[in-house]
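Pasted below: structure03.txt, compact mmCIF, C-alpha atoms.
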# COMPACT_ATOMS: atom_id res chain seq x y z
CA MET C 1 105.13 113.44 134.20
CA ARG C 2 102.51 115.83 135.55
CA ARG C 3 98.92 114.60 135.58
CA LEU C 4 97.36 118.06 135.86
CA PRO C 5 97.19 118.80 132.10
CA CYS C 6 95.06 115.69 131.47
CA VAL C 7 92.62 116.69 134.21
CA ARG C 8 92.44 120.23 132.86
CA PHE C 9 91.66 119.02 129.33
CA LEU C 10 88.97 116.60 130.50
CA GLY C 11 87.30 119.44 132.39
CA PHE C 12 87.56 121.68 129.37
CA ALA C 13 85.92 119.05 127.12
CA LEU C 14 83.03 118.54 129.54
CA GLY C 15 82.65 122.30 129.89
CA LEU C 16 82.35 122.66 126.13
CA ILE C 17 79.55 120.10 126.02
CA VAL C 18 77.66 121.79 128.86
CA ALA C 19 78.05 125.20 127.25
CA ILE C 20 76.85 123.97 123.87
CA ALA C 21 73.87 122.19 125.40
CA GLY C 22 72.70 125.56 126.70
CA LEU C 23 72.92 127.42 123.39
CA SER C 24 69.83 128.51 121.54
CA GLY C 25 68.92 126.78 118.30
CA ALA C 26 69.86 129.89 116.32
CA THR C 27 73.27 130.06 117.92
CA ARG C 28 73.89 126.38 117.26
CA GLN C 29 73.01 126.89 113.61
CA ALA C 30 75.39 129.84 113.41
CA MET C 31 78.16 127.63 114.71
CA GLY C 32 77.57 125.34 111.77
CA GLY C 33 77.59 128.37 109.32
CA GLY C 34 102.12 108.38 116.95
CA PRO C 35 105.38 109.62 115.58
CA ALA C 36 109.09 109.42 116.15
CA ALA C 37 111.58 112.28 116.22
CA THR C 38 111.98 114.07 112.87
CA GLN C 39 115.11 115.51 111.36
CA VAL C 40 115.03 119.30 111.04
CA ALA C 41 118.48 119.67 109.52
CA GLY C 42 118.02 121.02 106.01
CA ALA C 43 114.64 122.51 106.85
CA ALA C 44 116.24 125.37 108.78
CA ALA C 45 116.97 127.23 105.56
CA ALA C 46 113.24 127.15 104.78
CA ALA C 47 112.17 128.37 108.22
CA GLU C 48 111.77 131.91 106.89
CA PRO C 49 109.22 132.54 104.12
CA ALA C 50 111.76 134.79 102.41
CA ALA C 51 113.76 131.65 101.59
CA TRP C 52 111.18 130.69 98.96
CA PRO C 53 111.03 132.16 95.43
CA GLU C 54 108.72 135.11 94.84
CA ARG C 55 106.28 133.13 92.69
CA VAL C 56 105.85 130.49 95.40
CA GLN C 57 105.23 133.13 98.06
CA ARG C 58 102.83 135.10 95.90
CA VAL C 59 100.59 132.14 95.10
CA MET C 60 100.71 130.70 98.62
CA ARG C 61 99.73 134.07 100.12
CA ALA C 62 96.88 134.55 97.64
CA VAL C 63 95.08 131.28 98.46
CA PRO C 64 95.42 129.70 101.91
CA LEU C 65 97.21 126.36 101.94
CA ILE C 66 94.79 123.96 103.65
CA ASP C 67 96.50 120.84 104.98
CA GLY C 68 93.86 118.16 105.38
CA HIS C 69 95.50 116.05 108.07
CA ASN C 70 97.98 116.58 110.90
CA ASP C 71 98.25 114.24 113.91
CA LEU C 72 99.91 116.62 116.38
CA PRO C 73 97.08 116.16 118.95
CA TRP C 74 97.75 112.42 119.35
CA ALA C 75 101.52 112.92 119.12
CA MET C 76 101.28 115.42 121.98
CA ARG C 77 99.10 113.05 124.01
CA ASP C 78 101.57 110.23 123.44
CA ALA C 79 104.62 112.33 124.29
CA ALA C 80 103.36 114.43 127.18
CA ARG C 81 99.66 113.96 127.90
CA TYR C 82 99.01 117.27 126.10
CA ASP C 83 101.46 119.24 128.29
CA LEU C 84 102.31 122.34 126.23
CA ASP C 85 104.57 123.57 129.02
CA ARG C 86 106.79 120.57 128.40
CA PHE C 87 106.66 120.93 124.59
CA ASP C 88 105.87 124.58 123.86
CA ILE C 89 105.28 124.64 120.11
CA ALA C 90 105.91 128.39 120.00
CA ARG C 91 109.53 127.24 119.93
CA ALA C 92 111.26 124.68 117.73
CA GLN C 93 110.33 121.13 118.79
CA PRO C 94 112.47 118.66 116.83
CA ARG C 95 110.64 115.71 118.39
CA PHE C 96 107.64 116.59 116.21
CA HIS C 97 107.09 117.50 112.58
CA THR C 98 105.01 120.47 113.69
CA ASP C 99 105.72 123.68 115.60
CA ILE C 100 104.75 127.28 115.06
CA PRO C 101 108.04 128.46 113.52
CA ARG C 102 107.87 125.74 110.89
CA LEU C 103 104.13 126.25 110.28
CA ARG C 104 104.92 129.88 109.56
CA GLY C 105 107.87 128.95 107.38
CA GLY C 106 105.66 126.53 105.46
CA LEU C 107 103.16 129.31 104.67
CA ILE C 108 100.20 127.32 105.99
CA GLY C 109 96.87 129.13 106.02
CA ALA C 110 94.63 126.45 107.52
CA GLN C 111 95.16 123.14 109.30
CA PHE C 112 92.74 120.29 109.82
CA TRP C 113 93.92 118.77 113.09
CA SER C 114 93.15 115.06 113.26
CA VAL C 115 91.51 114.09 116.55
CA TYR C 116 92.53 110.48 116.03
CA VAL C 117 92.07 107.72 118.56
CA PRO C 118 93.19 104.13 117.86
CA ALA C 119 90.66 101.67 116.49
CA SER C 120 91.30 99.53 119.58
CA PHE C 121 89.30 102.15 121.50
CA GLN C 122 85.58 101.43 121.23
CA GLY C 123 82.34 102.76 122.67
CA ASP C 124 82.65 105.13 125.62
CA ALA C 125 86.46 104.89 125.61
CA ALA C 126 86.64 106.08 121.99
CA VAL C 127 84.19 108.95 122.56
CA THR C 128 86.00 110.15 125.71
CA ALA C 129 89.43 110.03 124.08
CA THR C 130 88.08 111.94 121.07
CA LEU C 131 86.72 114.65 123.38
CA GLU C 132 90.18 114.97 124.96
CA GLN C 133 91.69 115.38 121.50
CA ILE C 134 89.12 118.04 120.56
CA ALA C 135 89.83 119.87 123.80
CA PHE C 136 93.52 120.00 122.87
CA VAL C 137 92.73 121.64 119.52
CA HIS C 138 90.63 124.25 121.34
CA GLU C 139 93.53 124.76 123.75
CA LEU C 140 95.89 125.55 120.85
CA SER C 141 93.74 128.57 119.97
CA ARG C 142 93.46 129.66 123.60
CA ARG C 143 97.17 129.36 124.31
CA TYR C 144 98.45 130.74 120.98
CA PRO C 145 95.74 133.22 119.89
CA GLU C 146 98.19 135.19 117.77
CA THR C 147 98.73 132.05 115.64
CA PHE C 148 95.61 129.82 115.74
CA THR C 149 91.91 130.62 115.50
CA LEU C 150 89.19 127.98 115.35
CA ALA C 151 87.22 127.96 112.10
CA SER C 152 83.77 126.48 111.51
CA THR C 153 83.02 127.54 107.93
CA ALA C 154 84.76 128.29 104.66
CA ALA C 155 84.17 132.00 105.30
CA ASP C 156 85.81 131.69 108.72
CA LEU C 157 88.80 129.99 107.15
CA VAL C 158 89.34 132.71 104.55
CA ARG C 159 88.85 135.51 107.10
CA ILE C 160 91.32 133.99 109.58
CA ALA C 161 93.98 133.23 106.98
CA SER C 162 93.59 136.73 105.50
CA ALA C 163 94.31 138.16 108.96
CA GLY C 164 97.63 136.31 109.05
CA ARG C 165 96.61 133.57 111.46
CA ILE C 166 96.26 129.83 110.89
CA ALA C 167 92.67 128.65 110.73
CA SER C 168 92.29 125.55 112.92
CA LEU C 169 89.71 122.95 111.93
CA ILE C 170 88.95 119.53 113.39
CA GLY C 171 88.71 116.17 111.63
CA MET C 172 87.70 112.93 113.38
CA GLU C 173 89.69 109.97 112.09
CA GLY C 174 87.31 107.04 112.37
CA GLY C 175 83.63 106.36 112.91
CA HIS C 176 84.40 104.59 116.18
CA SER C 177 84.72 108.10 117.66
CA ILE C 178 80.92 108.50 117.74
CA GLY C 179 80.14 105.14 119.37
CA ALA C 180 77.48 104.29 116.72
CA SER C 181 75.37 107.24 117.93
CA LEU C 182 73.92 110.00 115.74
CA PRO C 183 73.48 112.30 118.78
CA ALA C 184 77.20 111.87 119.47
CA LEU C 185 77.88 112.82 115.84
CA HIS C 186 75.84 116.00 116.39
CA ALA C 187 77.76 116.79 119.59
CA MET C 188 81.10 116.39 117.83
CA TYR C 189 79.95 118.77 115.10
CA ARG C 190 78.91 121.36 117.67
CA LEU C 191 82.38 121.12 119.22
CA GLY C 192 83.90 122.05 115.86
CA THR C 193 84.42 118.77 113.99
CA ARG C 194 84.12 119.42 110.27
CA TYR C 195 84.96 116.03 108.79
CA MET C 196 84.78 112.43 109.90
CA THR C 197 86.72 109.56 108.33
CA LEU C 198 84.12 106.80 108.22
CA THR C 199 86.55 104.14 109.45
CA HIS C 200 90.14 103.89 110.57
CA SER C 201 92.22 100.70 110.34
CA ALA C 202 89.38 98.39 111.47
CA ASN C 203 85.74 98.01 110.53
CA VAL C 204 83.12 99.85 112.53
CA PRO C 205 79.74 98.21 113.15
CA TRP C 206 78.30 100.06 110.16
CA ALA C 207 81.14 100.37 107.60
CA ASP C 208 84.07 98.38 106.24
CA SER C 209 87.66 99.56 106.50
CA GLY C 210 90.14 99.08 103.68
CA THR C 211 92.54 97.30 106.04
CA ASP C 212 90.20 94.80 107.70
CA THR C 213 88.25 91.73 106.60
CA ALA C 214 84.99 92.91 105.04
CA ARG C 215 81.87 92.33 107.14
CA HIS C 216 79.27 94.62 105.59
CA ALA C 217 80.08 94.83 101.86
CA GLY C 218 80.44 98.58 102.34
CA LEU C 219 77.91 100.58 104.36
CA THR C 220 75.06 99.10 106.37
CA PRO C 221 71.69 100.92 106.46
CA PHE C 222 72.88 102.71 109.61
CA GLY C 223 76.11 103.61 107.82
CA GLU C 224 74.06 105.21 105.06
CA ALA C 225 72.15 107.13 107.75
CA VAL C 226 75.46 108.38 109.17
CA VAL C 227 76.44 109.75 105.74
CA ARG C 228 73.06 111.43 105.33
CA GLU C 229 73.28 112.94 108.80
CA MET C 230 76.76 114.27 108.05
CA ASN C 231 75.28 115.92 104.94
CA TRP C 232 72.51 117.40 107.13
CA LEU C 233 75.07 118.82 109.55
CA GLY C 234 77.48 120.10 106.91
CA MET C 235 80.23 117.72 108.04
CA LEU C 236 82.50 116.47 105.25
CA VAL C 237 82.42 112.73 104.53
CA ASP C 238 86.05 111.51 104.54
CA LEU C 239 86.76 108.28 102.64
CA SER C 240 90.43 107.80 103.50
CA HIS C 241 90.92 104.43 105.22
CA VAL C 242 87.66 102.88 103.96
CA SER C 243 87.22 99.92 101.61
CA PRO C 244 86.45 100.48 97.91
CA GLU C 245 82.93 99.15 98.56
CA THR C 246 82.44 101.73 101.30
CA MET C 247 83.75 104.41 98.95
CA GLU C 248 81.23 103.36 96.30
CA ASP C 249 78.33 103.26 98.78
CA ALA C 250 79.19 106.66 100.23
CA LEU C 251 79.42 108.21 96.77
CA ARG C 252 76.00 106.74 95.96
CA VAL C 253 74.37 108.04 99.16
CA THR C 254 75.95 111.44 99.76
CA ALA C 255 74.29 114.66 98.68
CA ALA C 256 77.52 116.66 99.12
CA PRO C 257 81.07 116.31 97.81
CA VAL C 258 83.33 113.89 99.69
CA ILE C 259 86.98 114.19 100.59
CA PHE C 260 89.90 111.83 101.01
CA SER C 261 91.75 113.70 103.74
CA HIS C 262 95.07 111.85 103.34
CA SER C 263 95.29 109.32 100.52
CA ALA C 264 97.21 108.70 97.33
CA ALA C 265 96.67 106.89 94.01
CA ARG C 266 96.45 103.10 94.15
CA ALA C 267 97.60 102.79 90.54
CA LEU C 268 101.02 104.13 91.56
CA CYS C 269 101.30 102.45 94.97
CA ASP C 270 99.09 99.39 95.35
CA VAL C 271 98.14 99.51 99.01
CA PRO C 272 94.58 99.36 100.44
CA ARG C 273 94.81 102.89 101.82
CA ASN C 274 94.96 104.44 98.38
CA VAL C 275 92.19 105.36 95.95
CA PRO C 276 91.47 103.11 92.94
CA ASP C 277 91.20 104.70 89.51
CA ALA C 278 87.53 103.63 89.26
CA VAL C 279 86.77 105.82 92.27
CA LEU C 280 88.96 108.70 91.11
CA GLN C 281 86.98 108.78 87.88
CA GLN C 282 83.74 109.30 89.82
CA LEU C 283 84.96 112.44 91.58
CA PRO C 284 84.03 114.90 88.81
CA ARG C 285 80.39 113.83 89.14
CA ASN C 286 80.49 114.07 92.94
CA GLY C 287 82.68 117.17 93.14
CA GLY C 288 84.98 115.66 95.76
CA VAL C 289 88.69 116.09 96.44
CA VAL C 290 91.63 113.73 97.06
CA MET C 291 94.08 115.41 99.44
CA VAL C 292 97.29 113.71 98.40
CA THR C 293 99.27 112.48 101.38
CA PHE C 294 102.98 112.37 102.20
CA VAL C 295 102.88 108.97 103.98
CA PRO C 296 105.99 107.19 102.63
CA GLY C 297 104.36 103.75 102.43
CA PHE C 298 101.42 105.18 100.47
CA VAL C 299 103.45 107.10 97.87
CA SER C 300 106.47 104.81 97.35
CA PRO C 301 106.07 101.18 96.25
CA GLU C 302 109.57 100.49 97.58
CA VAL C 303 108.68 101.76 101.05
CA ALA C 304 105.37 99.88 100.94
CA ARG C 305 107.24 96.66 100.14
CA SER C 306 109.65 97.30 103.01
CA TRP C 307 106.73 97.84 105.39
CA SER C 308 105.13 94.59 104.24
CA GLU C 309 108.37 92.66 104.69
CA GLN C 310 108.81 94.10 108.18
CA GLU C 311 105.26 93.06 109.12
CA ALA C 312 106.02 89.53 107.93
CA GLU C 313 109.19 89.46 110.02
CA GLU C 314 107.29 90.70 113.09
CA ALA C 315 104.73 87.92 112.59
CA ARG C 316 107.53 85.35 112.39
CA LEU C 317 109.09 86.72 115.56
CA ARG C 318 105.77 86.61 117.42
CA THR C 319 105.36 82.97 116.44
CA ARG C 320 108.85 82.23 117.68
CA HIS C 321 108.89 84.32 120.88
CA GLY C 322 105.25 84.47 121.93
CA ASP C 323 104.68 87.31 124.42
CA ASP C 324 108.37 88.13 124.87
CA ARG C 325 108.14 91.75 123.69
CA ALA C 326 111.82 92.49 124.33
CA ALA C 327 112.88 89.59 122.09
CA ILE C 328 110.50 90.70 119.35
CA GLU C 329 111.70 94.31 119.48
CA ALA C 330 115.32 93.18 119.39
CA GLY C 331 114.57 90.97 116.41
CA VAL C 332 112.87 93.79 114.53
CA LYS C 333 115.77 96.12 115.28
CA ALA C 334 118.24 93.57 113.93
CA TRP C 335 116.10 93.01 110.84
CA LEU C 336 115.92 96.74 110.10
CA ALA C 337 119.69 97.04 110.47
CA ALA C 338 120.10 94.32 107.86
CA HIS C 339 117.34 95.69 105.61
CA PRO C 340 117.61 99.51 105.58
CA ARG C 341 114.32 101.12 104.67
CA PRO C 342 114.27 103.12 101.42
CA LYS C 343 113.01 106.69 101.48
CA ALA C 344 110.06 108.13 99.64
CA SER C 345 110.64 111.39 97.77
CA LEU C 346 108.94 114.69 97.09
CA ALA C 347 108.93 113.74 93.40
CA GLN C 348 106.86 110.64 94.17
CA VAL C 349 104.27 112.78 95.98
CA ALA C 350 104.09 115.00 92.91
CA ASP C 351 103.69 111.87 90.75
CA HIS C 352 100.53 111.02 92.71
CA ILE C 353 99.23 114.55 92.18
CA ASP C 354 99.88 114.11 88.46
CA HIS C 355 97.95 110.83 88.44
CA VAL C 356 94.93 112.15 90.33
CA ARG C 357 94.86 115.09 87.91
CA LYS C 358 94.91 112.67 84.97
CA MET C 359 92.09 110.51 86.38
CA ALA C 360 89.86 113.10 88.06
CA GLY C 361 90.98 116.54 86.91
CA ILE C 362 92.63 119.56 88.47
CA ASP C 363 89.44 120.49 90.36
CA HIS C 364 89.66 117.39 92.54
CA LEU C 365 93.05 117.74 94.20
CA GLY C 366 94.24 118.90 97.61
CA ILE C 367 97.01 118.21 100.14
CA GLY C 368 96.77 116.08 103.30
CA SER C 369 100.23 115.55 104.75
CA ASP C 370 99.70 113.28 107.81
CA PHE C 371 102.63 114.95 109.56
CA ASP C 372 103.12 113.71 113.13
CA GLY C 373 101.18 110.59 112.20
CA ILE C 374 104.22 109.21 110.38
CA ASP C 375 107.75 108.42 111.51
CA GLU C 376 109.32 110.53 108.80
CA GLY C 377 108.27 112.46 105.73
CA PRO C 378 109.55 111.91 102.19
CA ALA C 379 112.94 113.37 101.31
CA GLY C 380 112.27 117.05 100.65
CA LEU C 381 109.04 117.03 102.67
CA GLU C 382 110.45 116.38 106.13
CA ASP C 383 108.13 118.63 108.16
CA VAL C 384 105.46 121.34 107.97
CA GLY C 385 108.05 123.92 106.91
CA ARG C 386 108.53 122.20 103.56
CA PHE C 387 105.17 122.67 101.81
CA PRO C 388 106.59 125.39 99.51
CA ALA C 389 109.06 122.84 98.14
CA LEU C 390 106.12 120.85 96.76
CA VAL C 391 104.73 124.01 95.17
CA GLN C 392 108.10 124.62 93.52
CA GLU C 393 108.04 121.07 92.12
CA LEU C 394 104.54 121.54 90.70
CA PHE C 395 105.65 124.76 88.99
CA ARG C 396 108.65 122.88 87.59
CA ARG C 397 106.25 120.31 86.12
CA GLY C 398 104.28 123.00 84.32
CA TYR C 399 101.36 123.59 86.67
CA SER C 400 99.97 127.11 86.34
CA ASP C 401 99.37 129.56 89.18
CA ALA C 402 95.64 128.82 88.89
CA ASP C 403 96.27 125.06 89.03
CA VAL C 404 98.39 125.34 92.16
CA SER C 405 95.89 127.68 93.81
CA LYS C 406 93.20 125.03 93.37
CA ILE C 407 95.42 122.32 94.86
CA LEU C 408 96.52 124.46 97.80
CA GLY C 409 93.05 125.32 98.99
CA GLY C 410 90.70 126.52 96.29
CA ASN C 411 89.24 123.09 95.65
CA LEU C 412 88.64 122.30 99.31
CA LEU C 413 87.05 125.70 99.91
CA ARG C 414 84.62 124.90 97.10
CA VAL C 415 83.81 121.55 98.72
CA MET C 416 83.27 123.18 102.12
CA ARG C 417 80.96 125.81 100.66
CA GLU C 418 78.95 123.19 98.81
CA ALA C 419 78.64 121.05 101.96
CA GLU C 420 77.38 124.13 103.81
CA ARG C 421 74.86 124.85 101.03
CA VAL C 422 73.60 121.25 101.07
CA ALA C 423 73.26 121.34 104.87
CA SER C 424 71.20 124.54 104.70
CA ARG C 425 68.86 122.95 102.16
CA LEU C 426 68.48 119.70 104.10
CA GLN C 427 67.91 121.47 107.41
CA GLY C 428 65.05 123.33 105.74
CA GLN C 429 63.47 119.98 104.86
CA ARG C 430 63.77 117.99 108.10
CA GLY C 431 65.09 117.94 111.62
CA PRO C 432 67.92 115.78 112.99
CA SER C 433 67.60 112.02 112.72
CA SER C 434 67.02 109.95 115.85
CA ALA C 435 67.67 106.61 114.12
CA THR C 436 69.70 103.97 115.96
CA ILE C 437 71.86 101.15 114.72
CA GLU C 438 69.53 98.68 116.41
CA GLN C 439 66.56 100.06 114.46
CA LEU C 440 68.23 100.23 111.05
CA ASP C 441 70.58 97.25 111.09
CA GLY C 442 68.48 94.97 113.28
CA VAL C 443 71.41 94.07 115.51
CA ARG C 444 72.67 95.20 118.86
CA ASP C 445 75.89 97.16 118.61
CA GLU C 446 78.34 95.05 120.54
CA HIS C 447 80.97 97.81 120.45
CA ARG C 448 79.05 100.45 122.37
CA ARG C 449 80.86 100.09 125.69
CA ARG C 450 83.99 98.15 124.81
CA GLU C 451 87.25 99.53 126.14
CA PRO C 452 90.71 98.90 124.70
As structure tokens, how would this structure be written, given the file I've shared?
Amino acid sequence: MRRLPCVRFLGFALGLIVAIAGLSGATRQAMGGGPAATQVAGAAAAAEPAAWPERVQRVMRAVPLIDGHNDLPWAMRDAARYDLDRFDIARAQPRFHTDIPRLRGGLIGAQFWSVYVPASFQGDAAVTATLEQIAFVHELSRRYPETFTLASTAADLVRIASAGRIASLIGMEGGHSIGASLPALHAMYRLGTRYMTLTHSANVPWADSGTDTARHAGLTPFGEAVVREMNWLGMLVDLSHVSPETMEDALRVTAAPVIFSHSAARALCDVPRNVPDAVLQQLPRNGGVVMVTFVPGFVSPEVARSWSEQEAEEARLRTRHGDDRAAIEAGVKAWLAAHPRPKASLAQVADHIDHVRKMAGIDHLGIGSDFDGIDEGPAGLEDVGRFPALVQELFRRGYSDADVSKILGGNLLRVMREAERVASRLQGQRGPSSATIEQLDGVRDEHRRREP
């Protein structure tokens, strides 16, 4: 495997930082204005937009479909250290859920690319890996300018999609990506990041994750400062992955609408990654949006149970075999052969949309697939070419054109515009915060320089 692409991307990331550091204040303000192979059989018929009914095409061309979460950057790092010569997404790439032909077939108008790094990365290692991910998203627009254009604002998004290109936006998946530093948060914003998920699978020093043992009972004082600074910047506060207590604290503190970039309804699938009804019912007051995900274990109770049983089997095998990874992998393979995993379905995804609509209302829905961050999509939603199939299902269930337009992108555009309005107001009241976690939480951040 060639090492050159990694070096090139690191240089590009550093160059972006240097360039931004030299911008005038006015220009900076203007800028603000791991997956397995997927099956593409069956999706080929949907590769051409003409394959979809006229009503689906008309609505999806009128309002840009904004997908809130796609993990292609990490999938490309994992597969090829970002080498787009090895996996040129201008052509079909069955290893991934995402390539340009299927993005076009799926009628996507805008994509939030997740610049995810694992929670095992901390401090400098997390920040550096996040910069590499951001550099890859910038490289997509440089290499495929006829398809992707970076967007910083809601107006950018609409303009780019109206021109027939896919607006590319950046979302950081986890507060560990800023190394507990508000200046790092500012730098990530200036590089194009427009949302940050407050945690990933593990707590950060200032916020509790939904899949870790609680340490902070939600947000610490520094965590509240992070939310306020995101409001000041115009960066969306993403509450996927966080604990219910962190959700509640963020909703109390934020001056702008929040998002859940890739979550589903906990009432239908009782896993920690989903949103409780008590939180869904607060969204009308906040104005936020739940971008319903396609993750099988978050939409299907049967798949979630299978995942839990597999985790228990892996724990048993680790106890039995210790550090013998080959024995553990063989044991898991045998267990899966004896316990075939059920499949989630497109209908179950639509059920979650129905439930969020019931609890929060039609104005608080969006779509956040998590393609290329999952092994496989639900039956009927196998890859990025299949979004119109979900639109067809919503029409079948009686959703109007106006309803679907809100879900596709109208609601998120409203949230983005409101976040931009709030940022303009706050920036007129104060400058950037220089607060540190040591000052606000009274503890030294032990994660600052930890490497995985």
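Residues in contact with Gly174 of chain C at 8 Å, where all atoms listed in the file are counted and same-chain residues fewer than 5 positions away are skipped, are listed as Tyr116, Val117, Ala119, Met196, Thr197, Leu198, Thr199 and His200 of chain C.
Residues near the point (108.8, 116.4, 93.9), at a distance of 6 Å or less over only C-alpha atoms, make up Leu346, Ala347, Ala350, Leu390 and Glu393 of chain C.
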**Message:** Show me, as JSON, numbers by chain, the residues that have an atom within 7 Å of segment 50-60 of chain C when counting all atoms listed in the file, minus same-chain residues fewer than 2 positions from it.
**Reply:** {"C": [45, 46, 48, 62, 63, 64, 65, 107, 388, 391, 392, 401, 405]}
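Nearest-residue note for Asp156 of chain C: choosing from C:Pro118, C:Met416, C:Ala265, C:Thr130, the minimum distance belongs to C:Met416, counting all atoms listed in the file.
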May I have a table of the residues of segment 373-438 of chain C lying at most 12 Å from segment 77-95 of chain C, giving each one's closest pair of atoms and their distance in Å to one decimal, counting all atoms listed in the file, ordered by chain and ascending residue number, as a tab-separated table?
residue	atom	partner	partner_atom	distance
C:Gly373	CA	C:Asp78	CA	11.3
C:Asp375	CA	C:Arg95	CA	10.4
C:Glu376	CA	C:Arg95	CA	11.0
C:Glu382	CA	C:Pro94	CA	11.1
C:Asp383	CA	C:Pro94	CA	9.7
C:Val384	CA	C:Pro94	CA	11.6
C:Gly385	CA	C:Ala92	CA	11.3
**Request:** In the coordinate frame of the file, compute which residues have an atom within 12 Å of (89.1, 114.5, 86.8) when using all atoms listed in the file, and state them as a ChimeraX atom specification.
**Result:** /C:277-290,353-365
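Comparing C:Ala207, C:Ala304, C:Val275, C:Ala154 by their smallest distance to Val415 of chain C, the closest is C:Ala154 (using only C-alpha atoms).
Shortest separation to Asn203 of chain C among C:Ala187, C:Ile367, C:Leu182, C:Val242 occurs at residue C:Val242, atoms counted being all atoms listed in the file.
Coordinates place atom CA of Ser162 of chain C at a distance of 28.6 Å from atom CA of Trp232 of chain C.
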**Prompt:** Please, what distance in Å, to one decimal, runs between atom CA of Pro276 of chain C and atom CA of Ala225 of chain C?
**Reply:** 24.7 Å
**Asked** Could you pull the residues within 10 Å of Ser308 of chain C, counting all atoms listed in the file, minus those fewer than 6 positions along the same chain, as JSON, numbers by chain?
**Response** {"C": [297, 302, 314]}
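Put simply, atom CA of Ala151 of chain C is 22.2 Å away from atom CA of Val292 of chain C.
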**Best match for closeness to Gln111 of chain C among C:Ala379, C:Leu268, C:Leu317, C:Leu408, counting all atoms listed in the file** = C:Leu408
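Among the candidates C:Val158, C:Ala125, C:Ala264, C:Ile259, the one nearest to Leu412 of chain C when counting all atoms listed in the file is C:Ile259.
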**Request:** Find the spatial neighbours of Met230 of chain C, counting all atoms listed in the file, within a cut-off of 10 Å - ignore same-chain residues fewer than 2 positions away - and output them as JSON, numbers by chain.
**Result:** {"C": [182, 185, 186, 189, 194, 195, 196, 224, 225, 226, 227, 228, 232, 233, 234, 235, 236, 237, 254, 255, 256, 419, 423]}
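Closest approach to Ala250 of chain C from the set C:Asp238, C:Asp323, C:Glu311, C:Glu438 is made by C:Asp238, with distances taken over all atoms listed in the file.
Residues surrounding Pro301 of chain C within 9 Å are Leu268, Cys269, Asp270, Val271, Pro296, Gly297, Phe298, Val299, Val303, Ala304, Arg305, Ser306 and Ala344 of chain C [all atoms listed in the file; sequence separation below 2 positions excluded].
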